[in-house]
Every structure is written in structure tokens, then in C-alpha cells.
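Participant: I have a structure here, written as C-alpha cells, and I will follow up with some questions on it.
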Amino acid sequence: SKIGEIYYKKGFYSKAYVYFKKGLAISERVHGTRGHPAVADSMVSVAESLDAMKKYDQALRMYRMAFEIRKNVYGRGHEATMSVQTDIAWTLRNLKRFKEAIECFVEVLTVQKVLPAYNADVVTTYSYLGKVHLENGDHRRSLLCCERALLMSQSVSGNESRETATCCFNLGRVLYESGAYKRSIENYEKSLVIRKSVLGDTPHPKIDVTYHHIRMALDKDGDAGEALTCMMKPVEIEDQCPSIAEEINHCNKIDSLYVKDSKCNYE
């Protein structure tokens, strides 16, 4: 499994899968095929490698087996149990099974909201729900989820935190997709102010991405002059720090609103 982790971190997912499968086989020989948390952990590793290879159906089956073990061992409200249920929901989203993904995220929220220790996780889950509702074409519910995420982030992490900046950015994106360009710009700009405060004067791709989305919203809103000004900001950042130019270009190409890493964090 340790070798699998190395391959996984380097992006060699098929090789990681081979070693994770070997680790699972060993774990099952030692602990039995069902009921031990170590087996569930190995299953999650296998599922993550399958997920990374876009073999979502196989990943979903493995995640669900791990979920049942963790639920029986730790209980419904344990962090490890909810983590794998979040993985299940995200995999359902990847399969375009939006209704099931939404139901799964709502189940996670139901548990998280009654456990004060998970307040920060509630912010993340509301953000996930907002993403899936948006992809499912339900802008109203997406907006509600992103607004709730922002309010809770301000309460839990403060008004000037990275998390709050991300929530402002997410809300701006939903408003943009809904055609509310002025409100979208307002939230993008709030995100930009916080990010500049947190990151300082050091050139950073996230600041460039925020300028990029402000420019798009200004362009849609008909303010070509301001849009042109925003367009020049990323160029200034690249001139100051050419080494991040490639990363900036990558950020501009992807949907920077919701980039999921192995720990289910966005951006």
C-alpha cells in the first residue's frame, strides 16, 4: 500500500491500483474479508485509484463496501464513515447520477448538522451540494446552498479566511450562471479582496483565476473597459513571476470553482 501511495501521489494511478489491490488482498487474508477497519481503509485506497482512472462504477462498488464496514465499526456519525459517504456522493456525481448524489450529500449533512465538531465540514458539504444542483440545472437550490455555505463559513472561520473567500467565489459563479452578473461581480470582488489580504503581494494562481472570472462577468455585463483592465492583471502576475505562468494557464482552463483533490477539498 505504501508503494501504491507513492505512485498515486505521482499520478501513476494504474500502477497505484495494482499495489492497492495487493494491499487489500493481504489485509483480507490477515483480518478477514469483512468487518475490519483496515480492510475498509484498503478498499478506499483501491476506490480512489479507480476514481482517478475514471472507472467510476468500480470505484462506487468499492466505496460502498468500505462504507458498510466503517458504519458497522465506527457508527454513522464518525468522521471516517462520513468521509467515505462523501466519496460515494461525489462518484455518483461523476456518473451524472445527480439525484442520487444529492440524496447522499443530504444524508451526510443531516448527520453533520447535529454534531458541532463538524461545522467546517458542513460548509464543504453545502458547497458540494451547490455544485451538484448547478450541474443538475437547479440554480435556485444551488444558490441557497452556496449562500448557506458562505454564512456558515463566516461564522466558523471568520470574514477574512481562505474558506470564506472560496465561498464568495463559489456564490459568484452560481450567480454568473444564473445571469445575475452584477451580483456575481460583487462576490468575485469580495473573494479577491480576501485573497489579496491572505496571500499578500506574492503572485498566486488563485488571484489570477479570480480576475479571470471577474473579467468574464464584466464582459457579460457590458463593461468592456473594466473587463480589459482585469484581463491585463494576469499578465502582470506572470511578468512578476514567470515560473507560475504554466499553473495560471492551467487554472484558466479548468473549472476552478470545484477542483476535487484526494481529500475532497475544493480549489
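By convention in this document, the chains of the C-alpha cells carry letters A, B, ... by their order, each chain's residues are numbered from 1, and ligands are numbered from 1 in the order they are shown.
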If you count only C-alpha atoms, which residues fall within 9 Å of Ile207 (chain A), apart from same-chain ones fewer than 6 positions away, as a list of chain:residue names?
Facilitator: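 Skipping anything fewer than 6 positions along the chain leaves A:Ser191, A:Leu192, A:Arg195, A:Lys196, A:Leu199, A:Pro234.
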Participant: Please, could you write that set of residues out with N, CA, C and O atoms as an mmCIF file, in the first residue's frame?
Facilitator:
data_model
loop_
_atom_site.group_PDB
_atom_site.id
_atom_site.type_symbol
_atom_site.label_atom_id
_atom_site.label_comp_id
_atom_site.auth_asym_id
_atom_site.auth_seq_id
_atom_site.Cartn_x
_atom_site.Cartn_y
_atom_site.Cartn_z
ATOM 1 N N SER A 191 -14.217 38.055 -2.853
ATOM 2 C CA SER A 191 -13.255 36.960 -2.814
ATOM 3 C C SER A 191 -11.849 37.472 -3.109
ATOM 4 O O SER A 191 -10.878 37.096 -2.439
ATOM 5 N N LEU A 192 -11.740 38.356 -4.096
ATOM 6 C CA LEU A 192 -10.440 38.898 -4.482
ATOM 7 C C LEU A 192 -9.801 39.696 -3.349
ATOM 8 O O LEU A 192 -8.606 39.556 -3.065
ATOM 9 N N ARG A 195 -8.565 37.272 -0.705
ATOM 10 C CA ARG A 195 -7.396 36.516 -1.171
ATOM 11 C C ARG A 195 -6.152 37.387 -1.200
ATOM 12 O O ARG A 195 -5.061 36.934 -0.847
ATOM 13 N N LYS A 196 -6.298 38.628 -1.605
ATOM 14 C CA LYS A 196 -5.144 39.522 -1.593
ATOM 15 C C LYS A 196 -4.660 39.752 -0.163
ATOM 16 O O LYS A 196 -3.459 39.842 0.097
ATOM 17 N N LEU A 199 -3.065 36.249 0.918
ATOM 18 C CA LEU A 199 -1.886 35.829 0.168
ATOM 19 C C LEU A 199 -0.829 36.917 0.024
ATOM 20 O O LEU A 199 0.307 36.634 -0.365
ATOM 21 N N PRO A 234 -3.669 39.311 -14.975
ATOM 22 C CA PRO A 234 -2.917 38.060 -15.026
ATOM 23 C C PRO A 234 -1.578 38.196 -15.745
ATOM 24 O O PRO A 234 -0.606 37.540 -15.389
#
Participant: Could you pull the residues within 7 Å of Thr164 (chain A), counting only C-alpha atoms, minus those fewer than 5 positions along the same chain, as a ChimeraX atom specification?
Facilitator: /A:150,153-154,159
Participant: How would the residues just picked look written out with C-alpha atoms as a PDB file, in the first residue's frame?
Facilitator:
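Saved as part37.pdb:
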ATOM      1  CA  LEU A 150     -20.933  31.406   2.961  1.00  0.00           C
ATOM      2  CA  SER A 153     -18.011  29.916   6.808  1.00  0.00           C
ATOM      3  CA  GLN A 154     -18.185  33.485   8.080  1.00  0.00           C
ATOM      4  CA  ASN A 159     -14.954  37.004   7.314  1.00  0.00           C
TER       5      ASN A 159
END
Participant: Identify, on the basis of only C-alpha atoms, every residue whose closest approach to Lys2 (chain A) does not exceed 10 Å; exclude the query and any residue fewer than 6 positions from it along the same chain; express the result as a list in words.
Facilitator: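 These residues fall inside the cut-off: Tyr8, Ala16, Tyr19, Phe20 and Gly23 of chain A.
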Participant: What are the closest atom pairs, with distances in Å to one decimal, for all residues of region 14-63 of chain A lying within 9 Å of region 69-77 of chain A? Consider only C-alpha atoms, order rows by chain and residue number, and present the result as a Markdown table.
Facilitator:
| residue | atom | partner | partner_atom | distance |
| --- | --- | --- | --- | --- |
| A:Arg34 | CA | A:Ile69 | CA | 7.0 |
| A:Gly35 | CA | A:Ile69 | CA | 5.3 |
| A:His36 | CA | A:Ile69 | CA | 6.9 |
| A:Pro37 | CA | A:Arg70 | CA | 6.3 |
| A:Val39 | CA | A:Ile69 | CA | 8.3 |
| A:Ala40 | CA | A:Ile69 | CA | 6.1 |
| A:Asp41 | CA | A:Arg70 | CA | 8.9 |
Participant: Quick one: everything within 9 Å of Glu100 (chain A), counting only C-alpha atoms, minus sequence neighbours fewer than 6 positions away in the same chain. Send it as an MDAnalysis selection string.
Facilitator: chainID A and resid 89 92:93
